[in-house]
file upload_9.txt (compact mmCIF, C-alpha atoms)
# COMPACT_ATOMS: atom_id res chain seq x y z
CA MET W 1 26.88 5.86 -0.60
CA ASN W 2 27.44 2.13 -1.07
CA ALA W 3 27.07 1.38 -4.80
CA ALA W 4 25.81 -2.15 -4.13
CA ARG W 5 23.38 -0.92 -1.46
CA PRO W 6 22.24 2.54 -2.58
CA LEU W 7 19.44 3.06 0.00
CA GLY W 8 20.33 4.50 3.43
CA LEU W 9 18.21 5.15 6.54
CA TRP W 10 16.50 8.29 5.24
CA SER W 11 15.73 6.67 1.89
CA ALA W 12 14.32 3.63 3.71
CA ILE W 13 12.14 5.81 5.95
CA ALA W 14 10.99 7.71 2.86
CA LEU W 15 10.13 4.40 1.19
CA VAL W 16 7.92 3.43 4.15
CA VAL W 17 6.28 6.84 4.62
CA GLY W 18 6.01 7.42 0.88
CA SER W 19 4.44 4.01 0.28
CA MET W 20 1.96 4.42 3.15
CA ILE W 21 0.96 8.03 2.48
CA GLY W 22 -0.40 7.93 -1.03
CA SER W 23 -3.90 7.70 -2.35
CA GLY W 24 -5.65 6.54 0.82
CA ILE W 25 -5.27 9.75 2.74
CA PHE W 26 -6.94 11.70 -0.11
CA LEU W 27 -9.69 9.37 -1.39
CA LEU W 28 -10.42 7.27 1.70
CA PRO W 29 -12.88 9.80 3.21
CA ALA W 30 -15.21 9.11 0.26
CA SER W 31 -15.11 5.36 0.96
CA LEU W 32 -15.67 5.90 4.71
CA ALA W 33 -18.46 8.47 4.34
CA PRO W 34 -21.30 5.88 4.31
CA TYR W 35 -20.26 4.67 7.78
CA GLY W 36 -20.10 7.91 9.80
CA GLY W 37 -18.63 8.10 13.29
CA VAL W 38 -18.09 4.34 13.54
CA SER W 39 -15.12 4.82 11.21
CA LEU W 40 -13.23 6.42 14.12
CA VAL W 41 -13.38 3.09 15.96
CA GLY W 42 -12.07 1.43 12.82
CA TRP W 43 -9.11 3.82 12.87
CA VAL W 44 -8.24 2.96 16.47
CA VAL W 45 -8.25 -0.77 15.71
CA THR W 46 -6.29 -0.32 12.49
CA LEU W 47 -3.60 1.91 13.99
CA ALA W 48 -3.05 -0.56 16.83
CA GLY W 49 -2.88 -3.44 14.35
CA ALA W 50 -0.50 -1.57 12.05
CA LEU W 51 1.90 -0.82 14.90
CA ALA W 52 1.82 -4.48 15.99
CA LEU W 53 2.59 -5.55 12.42
CA ALA W 54 5.39 -2.97 12.12
CA LEU W 55 7.05 -4.23 15.31
CA THR W 56 6.69 -7.84 14.15
CA PHE W 57 8.15 -7.12 10.71
CA ALA W 58 10.98 -5.14 12.32
CA ARG W 59 11.97 -8.18 14.37
CA LEU W 60 11.69 -10.45 11.34
CA ALA W 61 13.91 -8.09 9.32
CA MET W 62 16.56 -8.25 12.05
CA ARG W 63 16.42 -12.04 11.90
CA TRP W 64 16.32 -12.36 8.08
CA PRO W 65 17.57 -9.14 6.38
CA GLN W 66 17.10 -10.52 2.87
CA THR W 67 15.44 -9.14 -0.27
CA GLY W 68 11.80 -10.20 -0.51
CA GLY W 69 10.32 -9.13 2.83
CA PRO W 70 7.14 -11.11 3.59
CA TYR W 71 8.09 -13.78 1.05
CA VAL W 72 11.43 -14.45 2.76
CA PHE W 73 9.83 -14.62 6.19
CA ALA W 74 7.21 -17.14 5.03
CA ARG W 75 9.69 -19.28 3.09
CA ASN W 76 12.20 -19.45 5.93
CA ALA W 77 9.53 -20.26 8.52
CA PHE W 78 7.19 -22.58 6.61
CA GLY W 79 8.95 -23.83 3.50
CA GLU W 80 8.89 -23.44 -0.26
CA LEU W 81 5.18 -23.82 -1.08
CA THR W 82 4.06 -21.34 1.58
CA GLY W 83 6.81 -18.99 0.47
CA PHE W 84 5.60 -19.14 -3.11
CA LEU W 85 1.97 -18.51 -2.16
CA ILE W 86 2.96 -15.51 -0.06
CA ALA W 87 5.20 -14.14 -2.81
CA TRP W 88 2.42 -14.57 -5.35
CA SER W 89 -0.25 -13.04 -3.10
CA TYR W 90 1.97 -10.11 -2.16
CA TRP W 91 2.88 -9.50 -5.78
CA VAL W 92 -0.82 -9.50 -6.72
CA SER W 93 -1.51 -7.02 -3.92
CA ILE W 94 1.20 -4.69 -5.21
CA TRP W 95 0.05 -4.40 -8.81
CA CYS W 96 -3.56 -4.09 -7.61
CA ALA W 97 -2.39 -1.28 -5.31
CA ASN W 98 -0.61 0.37 -8.22
CA ALA W 99 -3.86 0.37 -10.17
CA ALA W 100 -5.67 2.01 -7.24
CA ILE W 101 -2.96 4.61 -6.67
CA ALA W 102 -2.86 5.43 -10.38
CA VAL W 103 -6.63 6.01 -10.27
CA ALA W 104 -6.21 8.28 -7.24
CA PHE W 105 -3.47 10.16 -9.08
CA ALA W 106 -5.91 10.74 -11.93
CA GLY W 107 -8.50 12.04 -9.47
CA SER W 108 -5.98 14.48 -8.02
CA VAL W 109 -4.91 15.70 -11.45
CA GLY W 110 -8.59 16.02 -12.39
CA ALA W 111 -9.11 18.38 -9.46
CA LEU W 112 -6.45 20.63 -11.00
CA PHE W 113 -7.37 20.11 -14.66
CA PRO W 114 -10.96 18.80 -14.87
CA ALA W 115 -10.83 18.27 -18.63
CA LEU W 116 -8.19 15.55 -18.25
CA THR W 117 -10.61 13.27 -16.36
CA ALA W 118 -13.93 14.47 -17.82
CA THR W 119 -14.70 11.03 -19.30
CA PRO W 120 -13.83 7.48 -18.15
CA VAL W 121 -11.45 7.09 -21.10
CA ARG W 122 -9.57 10.29 -20.23
CA ALA W 123 -9.43 9.35 -16.56
CA ALA W 124 -7.99 5.93 -17.42
CA ALA W 125 -5.43 7.53 -19.76
CA CYS W 126 -4.36 9.95 -17.03
CA ALA W 127 -4.00 7.11 -14.51
CA LEU W 128 -1.93 5.03 -16.89
CA GLY W 129 0.24 8.01 -17.81
CA GLY W 130 1.25 8.38 -14.15
CA LEU W 131 1.83 4.65 -13.78
CA TRP W 132 4.17 4.38 -16.76
CA LEU W 133 6.04 7.57 -15.90
CA CYS W 134 6.93 5.97 -12.55
CA ALA W 135 7.93 2.79 -14.36
CA GLY W 136 10.28 4.87 -16.52
CA ILE W 137 11.88 6.48 -13.44
CA ASN W 138 12.46 3.09 -11.85
CA LEU W 139 14.01 1.72 -15.01
CA LEU W 140 16.77 4.32 -14.53
CA GLY W 141 17.91 2.40 -11.43
CA VAL W 142 17.18 1.83 -7.72
CA ARG W 143 19.41 4.74 -6.63
CA GLU W 144 17.55 7.24 -8.83
CA ALA W 145 14.15 5.89 -7.74
CA GLY W 146 15.23 6.14 -4.09
CA ARG W 147 16.34 9.76 -4.47
CA MET W 148 13.07 10.64 -6.18
CA GLN W 149 11.17 8.91 -3.36
CA LEU W 150 12.94 10.97 -0.69
CA VAL W 151 12.17 14.28 -2.44
CA LEU W 152 8.52 13.39 -3.10
CA THR W 153 8.01 12.21 0.49
CA VAL W 154 9.23 15.52 1.94
CA LEU W 155 7.09 17.49 -0.55
CA LYS W 156 3.92 15.73 0.56
CA PHE W 157 4.55 14.97 4.25
CA VAL W 158 5.14 18.55 5.42
CA PRO W 159 2.01 20.09 3.78
CA LEU W 160 -0.17 17.18 4.92
CA LEU W 161 1.05 17.50 8.49
CA LEU W 162 0.23 21.22 8.45
CA PHE W 163 -3.21 20.55 6.92
CA ALA W 164 -3.99 17.89 9.54
CA LEU W 165 -2.87 20.01 12.51
CA VAL W 166 -4.95 23.01 11.39
CA ALA W 167 -8.03 21.27 9.95
CA VAL W 168 -8.75 19.22 13.10
CA TRP W 169 -9.76 22.45 14.84
CA PHE W 170 -12.61 22.91 12.34
CA ILE W 171 -14.20 19.50 12.87
CA ASP W 172 -17.97 19.60 13.30
CA ARG W 173 -19.01 16.76 15.62
CA ALA W 174 -22.40 16.66 13.93
CA GLN W 175 -20.70 15.13 10.88
CA PHE W 176 -20.18 11.96 12.92
CA VAL W 177 -23.88 11.65 13.80
CA PRO W 178 -25.51 9.18 13.50
CA PHE W 179 -22.68 7.05 14.79
CA ASN W 180 -23.43 4.30 12.28
CA ARG W 181 -24.90 5.53 8.98
CA SER W 182 -24.62 2.18 7.23
CA SER W 183 -27.25 -0.55 7.08
CA GLU W 184 -24.86 -2.96 8.80
CA SER W 185 -24.70 -3.72 12.50
CA ILE W 186 -22.13 -1.78 14.51
CA PRO W 187 -19.74 -4.78 14.73
CA GLY W 188 -20.14 -5.32 10.98
CA ALA W 189 -19.57 -1.65 10.20
CA ILE W 190 -16.44 -1.56 12.38
CA ASN W 191 -15.11 -4.64 10.59
CA ALA W 192 -15.74 -3.02 7.20
CA THR W 193 -14.07 0.25 8.19
CA VAL W 194 -11.04 -1.63 9.54
CA ALA W 195 -10.53 -3.18 6.09
CA LEU W 196 -10.89 0.20 4.39
CA THR W 197 -8.66 2.13 6.79
CA LEU W 198 -5.95 -0.51 6.60
CA TRP W 199 -5.50 0.46 2.95
CA ALA W 200 -4.19 3.86 4.07
CA LEU W 201 -1.54 2.16 6.21
CA LEU W 202 -0.44 -0.58 3.83
CA GLY W 203 3.24 -0.29 3.03
CA LEU W 204 4.55 -0.53 6.59
CA GLU W 205 6.63 -3.50 5.38
CA ALA W 206 8.03 -1.60 2.37
CA ALA W 207 11.60 -1.32 3.69
CA THR W 208 11.83 -5.09 4.23
CA VAL W 209 11.33 -5.87 0.54
CA PRO W 210 14.46 -4.35 -1.12
CA ALA W 211 16.69 -5.44 1.80
CA GLY W 212 19.56 -6.28 -0.53
CA ALA W 213 19.71 -2.64 -1.64
CA ILE W 214 19.70 -1.12 1.89
CA VAL W 215 22.83 -0.14 3.81
CA ASP W 216 23.27 -2.07 7.11
CA ALA W 217 19.90 -3.75 6.51
CA GLU W 218 19.79 -5.53 9.87
CA ARG W 219 19.73 -2.20 11.74
CA THR W 220 18.31 0.19 9.15
CA ILE W 221 15.16 -1.76 8.19
CA PRO W 222 13.71 -2.13 11.72
CA ARG W 223 14.29 1.56 12.48
CA ALA W 224 12.81 2.69 9.18
CA THR W 225 9.79 0.38 9.60
CA VAL W 226 8.79 1.57 13.08
CA VAL W 227 9.60 5.27 12.57
CA GLY W 228 7.94 5.35 9.15
CA THR W 229 4.77 3.64 10.41
CA LEU W 230 4.42 6.07 13.31
CA LEU W 231 4.93 9.15 11.14
CA ALA W 232 2.57 8.02 8.39
CA GLY W 233 -0.03 6.64 10.78
CA ILE W 234 -0.38 9.82 12.83
CA VAL W 235 -0.65 12.12 9.82
CA THR W 236 -3.10 9.84 8.00
CA VAL W 237 -5.50 9.39 10.92
CA LEU W 238 -5.55 13.12 11.69
CA ALA W 239 -6.02 14.23 8.08
CA VAL W 240 -8.71 11.72 7.10
CA SER W 241 -10.68 12.29 10.33
CA ALA W 242 -10.51 16.04 9.76
CA VAL W 243 -11.98 15.68 6.26
CA LEU W 244 -14.78 13.46 7.58
CA GLY W 245 -15.54 16.08 10.24
CA VAL W 246 -15.60 19.03 7.84
CA VAL W 247 -17.30 17.88 4.62
CA PRO W 248 -20.93 16.62 4.78
CA GLY W 249 -21.24 12.88 4.26
CA SER W 250 -23.68 13.29 1.38
CA GLN W 251 -21.06 15.32 -0.51
CA LEU W 252 -18.18 13.02 0.37
CA LYS W 253 -19.80 9.85 -1.03
CA GLY W 254 -19.37 10.93 -4.64
CA SER W 255 -16.29 13.10 -4.31
CA ALA W 256 -13.21 12.20 -6.39
CA ALA W 257 -11.08 14.58 -4.27
CA PRO W 258 -12.47 14.80 -0.68
CA MET W 259 -9.50 16.58 0.87
CA VAL W 260 -9.58 19.17 -1.89
CA ASP W 261 -13.26 19.77 -1.09
CA ALA W 262 -12.40 20.20 2.60
CA ALA W 263 -9.65 22.73 1.85
CA ARG W 264 -11.98 24.71 -0.42
CA MET W 265 -14.68 24.82 2.26
CA LEU W 266 -12.24 25.99 4.92
CA TRP W 267 -9.95 28.39 3.08
CA GLY W 268 -11.26 28.96 -0.45
CA PRO W 269 -10.42 27.90 -4.04
CA LEU W 270 -6.69 28.57 -3.86
CA ALA W 271 -6.35 26.25 -0.87
CA GLY W 272 -8.19 23.57 -2.83
CA ILE W 273 -5.75 23.95 -5.71
CA GLY W 274 -2.82 23.69 -3.29
CA ILE W 275 -4.13 20.48 -1.71
CA ALA W 276 -4.87 19.04 -5.16
CA ALA W 277 -1.23 19.64 -6.09
CA VAL W 278 -0.06 17.97 -2.87
CA ALA W 279 -2.41 15.06 -3.57
CA ALA W 280 -0.99 14.59 -7.05
CA ILE W 281 2.57 14.65 -5.65
CA SER W 282 1.57 12.25 -2.87
CA CYS W 283 -0.03 9.73 -5.20
CA PHE W 284 2.87 9.97 -7.61
CA GLY W 285 5.34 9.40 -4.77
CA ALA W 286 3.45 6.36 -3.50
CA LEU W 287 3.20 5.01 -7.03
CA ASN W 288 6.94 5.46 -7.51
CA GLY W 289 7.66 3.49 -4.32
CA TRP W 290 5.25 0.66 -5.09
CA VAL W 291 6.47 0.33 -8.67
CA MET W 292 9.97 -0.16 -7.21
CA ILE W 293 8.70 -2.83 -4.80
CA SER W 294 6.63 -4.56 -7.51
CA ALA W 295 9.82 -5.86 -9.13
CA GLN W 296 11.67 -6.79 -5.91
CA VAL W 297 9.28 -9.50 -4.69
CA PRO W 298 9.27 -11.57 -7.91
CA LEU W 299 13.04 -10.98 -8.09
CA ALA W 300 13.57 -12.72 -4.75
CA ALA W 301 11.20 -15.59 -5.61
CA ALA W 302 12.78 -16.08 -9.05
CA ARG W 303 16.26 -16.32 -7.51
CA ASP W 304 14.94 -19.25 -5.46
CA GLY W 305 13.49 -20.89 -8.57
CA LEU W 306 9.86 -20.27 -7.61
CA LEU W 307 9.07 -17.88 -10.47
CA PRO W 308 10.31 -17.69 -14.08
CA ALA W 309 14.03 -16.93 -14.30
CA ARG W 310 13.37 -13.76 -16.31
CA PHE W 311 12.14 -12.06 -13.12
CA ALA W 312 15.63 -12.44 -11.62
CA THR W 313 17.40 -10.79 -14.56
CA LEU W 314 18.91 -7.35 -13.92
CA ASP W 315 19.49 -4.79 -16.66
CA ALA W 316 22.55 -2.53 -17.04
CA ASN W 317 21.19 -0.20 -14.31
CA GLY W 318 20.80 -3.07 -11.83
CA THR W 319 16.99 -2.97 -12.18
CA PRO W 320 14.81 -6.10 -12.48
CA ALA W 321 13.25 -4.57 -15.57
CA PHE W 322 11.22 -7.59 -16.65
CA GLY W 323 9.36 -7.81 -13.33
CA LEU W 324 8.82 -4.07 -13.31
CA VAL W 325 7.28 -4.04 -16.78
CA VAL W 326 5.12 -7.14 -16.19
CA SER W 327 3.80 -5.71 -12.90
CA SER W 328 2.94 -2.41 -14.60
CA LEU W 329 1.22 -4.23 -17.45
CA LEU W 330 -0.98 -6.16 -14.99
CA ALA W 331 -1.91 -2.93 -13.18
CA THR W 332 -2.75 -1.45 -16.58
CA LEU W 333 -5.08 -4.36 -17.36
CA LEU W 334 -6.89 -3.92 -14.03
CA VAL W 335 -7.49 -0.23 -14.75
CA LEU W 336 -8.67 -0.90 -18.31
CA SER W 337 -10.98 -3.76 -17.30
CA ASN W 338 -12.80 -1.54 -14.80
CA TYR W 339 -12.46 1.92 -16.35
CA THR W 340 -16.21 2.31 -16.87
CA ARG W 341 -16.73 2.51 -13.11
CA SER W 342 -16.60 5.90 -11.40
CA LEU W 343 -13.22 6.87 -9.94
CA VAL W 344 -14.52 6.31 -6.40
CA SER W 345 -16.01 2.86 -7.11
CA LEU W 346 -12.93 1.75 -9.08
CA PHE W 347 -10.71 2.98 -6.25
CA THR W 348 -12.76 1.18 -3.58
CA PHE W 349 -12.79 -2.09 -5.55
CA SER W 350 -9.03 -1.94 -6.16
CA ILE W 351 -8.09 -1.13 -2.56
CA LEU W 352 -10.21 -3.93 -1.11
CA LEU W 353 -8.72 -6.43 -3.56
CA SER W 354 -5.20 -5.22 -2.79
CA THR W 355 -5.85 -5.24 0.96
CA ALA W 356 -7.20 -8.81 0.86
CA ALA W 357 -4.12 -9.96 -1.07
CA THR W 358 -1.78 -8.14 1.35
CA LEU W 359 -3.33 -9.57 4.49
CA LEU W 360 -2.19 -13.11 3.64
CA PRO W 361 1.49 -12.04 3.79
CA TYR W 362 0.71 -10.15 7.01
CA LEU W 363 -0.81 -13.32 8.48
CA ALA W 364 2.18 -15.37 7.39
CA GLY W 365 4.65 -12.84 8.79
CA SER W 366 2.94 -12.79 12.17
CA ALA W 367 2.78 -16.59 12.22
CA ALA W 368 6.46 -16.79 11.21
CA TRP W 369 7.52 -14.91 14.33
CA LEU W 370 5.26 -17.01 16.54
CA ARG W 371 6.85 -20.15 15.11
CA THR W 372 10.52 -19.20 14.92
CA GLY W 373 10.99 -16.16 17.18
CA GLY W 374 11.77 -16.11 20.85
CA ALA W 375 9.36 -15.38 23.67
CA ARG W 376 9.99 -11.66 23.26
CA GLY W 377 7.38 -10.12 21.01
CA ARG W 378 5.02 -13.11 20.95
CA VAL W 379 2.11 -11.13 22.41
CA VAL W 380 2.57 -8.41 19.80
CA ALA W 381 2.83 -10.97 16.99
CA ALA W 382 -0.28 -12.78 18.25
CA PHE W 383 -2.24 -9.52 18.22
CA ALA W 384 -0.96 -8.78 14.71
CA LEU W 385 -2.14 -12.23 13.61
CA VAL W 386 -5.63 -11.81 15.09
CA TYR W 387 -5.91 -8.31 13.65
CA SER W 388 -4.94 -9.53 10.17
CA LEU W 389 -7.60 -12.25 10.28
CA TYR W 390 -10.20 -9.74 11.46
CA ALA W 391 -9.34 -7.26 8.72
CA LEU W 392 -9.35 -10.01 6.06
CA VAL W 393 -12.97 -10.83 6.87
CA GLY W 394 -13.83 -7.14 6.55
CA THR W 395 -12.66 -6.92 2.92
CA GLY W 396 -15.92 -8.56 1.86
CA ARG W 397 -17.00 -11.48 -0.29
CA GLU W 398 -16.18 -9.96 -3.69
CA SER W 399 -12.59 -9.17 -2.73
CA LEU W 400 -12.08 -12.56 -1.09
CA VAL W 401 -13.39 -14.39 -4.18
CA TRP W 402 -11.22 -12.34 -6.53
CA GLY W 403 -8.22 -12.72 -4.24
CA GLY W 404 -8.74 -16.47 -3.93
CA ALA W 405 -9.02 -16.86 -7.70
CA LEU W 406 -5.83 -14.87 -8.29
CA LEU W 407 -4.02 -16.92 -5.64
CA LEU W 408 -5.09 -20.20 -7.24
CA ALA W 409 -3.94 -18.88 -10.62
CA GLY W 410 -0.40 -19.00 -9.30
CA LEU W 411 -0.41 -22.73 -8.54
CA PRO W 412 0.25 -23.81 -12.17
CA VAL W 413 3.29 -21.51 -12.19
CA TYR W 414 4.57 -23.18 -9.04
CA ALA W 415 3.93 -26.65 -10.46
CA LEU W 416 5.85 -25.83 -13.64
CA SER W 417 8.74 -24.35 -11.69
CA ARG W 418 8.94 -27.54 -9.67
CA ARG W 419 9.33 -29.52 -12.87
CA GLY W 420 12.37 -27.48 -13.73
CA ARG W 421 10.99 -25.82 -16.84
CA THR W 422 12.98 -22.85 -18.15
CA TYR W 423 11.04 -19.65 -18.94
CA ARG W 424 12.36 -17.19 -21.46
call {"tool": "encode", "arguments": {"input": "upload_9.txt", "output": "structure tokens"}}
result
Amino acid sequence: MNAARPLGLWSAIALVVGSMIGSGIFLLPASLAPYGGVSLVGWVVTLAGALALALTFARLAMRWPQTGGPYVFARNAFGELTGFLIAWSYWVSIWCANAAIAVAFAGSVGALFPALTATPVRAAACALGGLWLCAGINLLGVREAGRMQLVLTVLKFVPLLLFALVAVWFIDRAQFVPFNRSSESIPGAINATVALTLWALLGLEAATVPAGAIVDAERTIPRATVVGTLLAGIVTVLAVSAVLGVVPGSQLKGSAAPMVDAARMLWGPLAGIGIAAVAAISCFGALNGWVMISAQVPLAAARDGLLPARFATLDANGTPAFGLVVSSLLATLLVLSNYTRSLVSLFTFSILLSTAATLLPYLAGSAAWLRTGGARGRVVAAFALVYSLYALVGTGRESLVWGGALLLAGLPVYALSRRGRTYR
């Protein structure tokens, strides 16, 4: 293994699959329950959009195989200011996602050991324990985090694939009636479910971010991006749809572990315990991958002078420790500031905020290919751009306001960096 580039093809695929398959596949049915059968249409739109984005990012990675992913694409195509805004927005989306995944991890652990999440304070402590354990693993180095990611991805992917393939045969079509359970119009409900389902497929760009640590990045990243998106997308759609078709909507709405409930209904308590264990492993694996990525984006921006220089500093293990710790601290603050909410409501709030912040880099990436790429792939990139705009609207007013405020909060940092100030 190349010491300077410790991540190979399988580790890159594991990073994509592991980042995509995390909390969404286990908690998303609770968020989709109020919509009913219309959520299936949302899945179709989201899967098509995710594949278009994956193909677009694969081409961009072949053109610019540099650490930073969406940030690099935006900076190279549109200049420094746009690059900074995308780096900032993407970074915000990552630590918001880490907060959501940590909450989902707590919900999974609570299904195994209810006493650990019996109160909001205990649930928050459990979530933060998982978050900082992943931070500790990543501080050991990128190679160690990559190996852990590969193991955790295999441990969760195989059981989830088996669950999905078996559970779909037990779907009760009546669970999808009425087609639209929400108070919104059908177009409005589809738009809302597209934003929610996209959360389960975020991470398709994961392999593009630590490009400097990937062997033969120009070839490995595109392959890992497309293969990883297909694998994760198929398993996620099948598993979540199966849960929606097995567990009554009234029960799903307040469930902190919907897939566990489905397994218990189908095969008994022991099956529920098994799925809860897989869910905990899955969330922990996703958290491990996103914690790794949370330090790579500010690292790339700091090297270009767009973020404080401390973010570009590597420790003895070659890890951007400062960025990793700061990102984990921000995720911690988000959990603590909302810990009085139920696990489901905190999860839904966090995923919509993270999704809104991620869609700006997706928009910029699609636009980057349309501006700088050749004729090949323009139709796919155009569809990815339209899809990203459509999904952004679906995140809702609260998420857009929060996302806009967090984006504006980055402008003073950019202004100071332009003046050449040194941060220590």
call {"tool": "residues_around", "arguments": {"input": "upload_9.txt", "residues": "Ala104 (chain W)", "least_positions_apart": "2", "cutoff": "12 Å", "atoms": "all atoms listed in the file", "output": "VMD selection string"}}
result
chain W and resid 22 to 28 30 97 to 102 106 to 111 117 123 to 124 126 to 128 130 to 131 255 to 258 276 279 to 287 335 342 to 348 350 to 351
call {"tool": "write_last_selection", "arguments": {"input": "upload_9.txt", "atoms": "C-alpha atoms", "output": "mmCIF file, keeping the file's coordinate frame"}}
result
data_model
loop_
_atom_site.group_PDB
_atom_site.id
_atom_site.type_symbol
_atom_site.label_atom_id
_atom_site.label_comp_id
_atom_site.auth_asym_id
_atom_site.auth_seq_id
_atom_site.Cartn_x
_atom_site.Cartn_y
_atom_site.Cartn_z
ATOM 1 C CA GLY W 22 -0.400 7.930 -1.030
ATOM 2 C CA SER W 23 -3.900 7.700 -2.350
ATOM 3 C CA GLY W 24 -5.650 6.540 0.820
ATOM 4 C CA ILE W 25 -5.270 9.750 2.740
ATOM 5 C CA PHE W 26 -6.940 11.700 -0.110
ATOM 6 C CA LEU W 27 -9.690 9.370 -1.390
ATOM 7 C CA LEU W 28 -10.420 7.270 1.700
ATOM 8 C CA ALA W 30 -15.210 9.110 0.260
ATOM 9 C CA ALA W 97 -2.390 -1.280 -5.310
ATOM 10 C CA ASN W 98 -0.610 0.370 -8.220
ATOM 11 C CA ALA W 99 -3.860 0.370 -10.170
ATOM 12 C CA ALA W 100 -5.670 2.010 -7.240
ATOM 13 C CA ILE W 101 -2.960 4.610 -6.670
ATOM 14 C CA ALA W 102 -2.860 5.430 -10.380
ATOM 15 C CA ALA W 106 -5.910 10.740 -11.930
ATOM 16 C CA GLY W 107 -8.500 12.040 -9.470
ATOM 17 C CA SER W 108 -5.980 14.480 -8.020
ATOM 18 C CA VAL W 109 -4.910 15.700 -11.450
ATOM 19 C CA GLY W 110 -8.590 16.020 -12.390
ATOM 20 C CA ALA W 111 -9.110 18.380 -9.460
ATOM 21 C CA THR W 117 -10.610 13.270 -16.360
ATOM 22 C CA ALA W 123 -9.430 9.350 -16.560
ATOM 23 C CA ALA W 124 -7.990 5.930 -17.420
ATOM 24 C CA CYS W 126 -4.360 9.950 -17.030
ATOM 25 C CA ALA W 127 -4.000 7.110 -14.510
ATOM 26 C CA LEU W 128 -1.930 5.030 -16.890
ATOM 27 C CA GLY W 130 1.250 8.380 -14.150
ATOM 28 C CA LEU W 131 1.830 4.650 -13.780
ATOM 29 C CA SER W 255 -16.290 13.100 -4.310
ATOM 30 C CA ALA W 256 -13.210 12.200 -6.390
ATOM 31 C CA ALA W 257 -11.080 14.580 -4.270
ATOM 32 C CA PRO W 258 -12.470 14.800 -0.680
ATOM 33 C CA ALA W 276 -4.870 19.040 -5.160
ATOM 34 C CA ALA W 279 -2.410 15.060 -3.570
ATOM 35 C CA ALA W 280 -0.990 14.590 -7.050
ATOM 36 C CA ILE W 281 2.570 14.650 -5.650
ATOM 37 C CA SER W 282 1.570 12.250 -2.870
ATOM 38 C CA CYS W 283 -0.030 9.730 -5.200
ATOM 39 C CA PHE W 284 2.870 9.970 -7.610
ATOM 40 C CA GLY W 285 5.340 9.400 -4.770
ATOM 41 C CA ALA W 286 3.450 6.360 -3.500
ATOM 42 C CA LEU W 287 3.200 5.010 -7.030
ATOM 43 C CA VAL W 335 -7.490 -0.230 -14.750
ATOM 44 C CA SER W 342 -16.600 5.900 -11.400
ATOM 45 C CA LEU W 343 -13.220 6.870 -9.940
ATOM 46 C CA VAL W 344 -14.520 6.310 -6.400
ATOM 47 C CA SER W 345 -16.010 2.860 -7.110
ATOM 48 C CA LEU W 346 -12.930 1.750 -9.080
ATOM 49 C CA PHE W 347 -10.710 2.980 -6.250
ATOM 50 C CA THR W 348 -12.760 1.180 -3.580
ATOM 51 C CA SER W 350 -9.030 -1.940 -6.160
ATOM 52 C CA ILE W 351 -8.090 -1.130 -2.560
#
call {"tool": "closest_atom_pairs", "arguments": {"input": "upload_9.txt", "of": "region 32-99 of chain W", "to": "region 380-398 of chain W", "cutoff": "6 Å", "atoms": "all atoms listed in the file", "output": "JSON lines"}}
result
{"residue": "W:Gly49", "atom": "CA", "partner": "W:Ala384", "partner_atom": "CA", "distance": 5.7}
{"residue": "W:Ala52", "atom": "CA", "partner": "W:Ala384", "partner_atom": "CA", "distance": 5.3}
{"residue": "W:Leu53", "atom": "CA", "partner": "W:Ala384", "partner_atom": "CA", "distance": 5.3}
{"residue": "W:Thr56", "atom": "CA", "partner": "W:Ala381", "partner_atom": "CA", "distance": 5.7}
call {"tool": "write_last_selection", "arguments": {"input": "upload_9.txt", "atoms": "C-alpha atoms", "output": "PDB file, keeping the file's coordinate frame"}}
result
ATOM      1  CA  GLY W  49      -2.880  -3.440  14.350  1.00  0.00           C
ATOM      2  CA  ALA W  52       1.820  -4.480  15.990  1.00  0.00           C
ATOM      3  CA  LEU W  53       2.590  -5.550  12.420  1.00  0.00           C
ATOM      4  CA  THR W  56       6.690  -7.840  14.150  1.00  0.00           C
TER       5      THR W  56
END
call {"tool": "residues_around", "arguments": {"input": "upload_9.txt", "residues": "Ala312 (chain W)", "least_positions_apart": "6", "cutoff": "7 Å", "atoms": "only C-alpha atoms", "output": "CSV table (one decimal) with C-alpha atoms, keeping the file's coordinate frame"}}
result
chain,number,residue,atom,x,y,z
W,299,LEU,CA,13.0,-11.0,-8.1
W,302,ALA,CA,12.8,-16.1,-9.0
W,303,ARG,CA,16.3,-16.3,-7.5
W,320,PRO,CA,14.8,-6.1,-12.5
call {"tool": "closest_residue", "arguments": {"input": "upload_9.txt", "among": "W:Leu252, W:Val325, W:Ala207, W:Leu160", "to": "Ala232 (chain W)", "atoms": "all atoms listed in the file"}}
result
W:Leu160
call {"tool": "closest_residue", "arguments": {"input": "upload_9.txt", "among": "W:Ala295, W:Leu85, W:Leu204, W:Ala217", "to": "Ala415 (chain W)", "atoms": "all atoms listed in the file"}}
result
W:Leu85
call {"tool": "closest_residue", "arguments": {"input": "upload_9.txt", "among": "W:Thr225, W:Ser182, W:Ser366, W:Asn317", "to": "Ala54 (chain W)", "atoms": "all atoms listed in the file"}}
result
W:Thr225
call {"tool": "residues_near_point", "arguments": {"input": "upload_9.txt", "point": "(8.7, -14.4, 16.7)", "cutoff": "10 Å", "atoms": "all atoms listed in the file", "output": "list in words"}}
result
Thr56, Phe57, Arg59, Leu60, Arg63, Gly365, Ser366, Ala367, Ala368, Trp369, Leu370, Arg371, Thr372, Gly373, Gly374, Ala375, Arg376, Gly377, Arg378, Val379, Val380, Ala381 and Ala382 of chain W
call {"tool": "closest_residue", "arguments": {"input": "upload_9.txt", "among": "W:Gly69, W:Gly8, W:Gly272, W:Pro412", "to": "Thr220 (chain W)", "atoms": "all atoms listed in the file"}}
result
W:Gly8
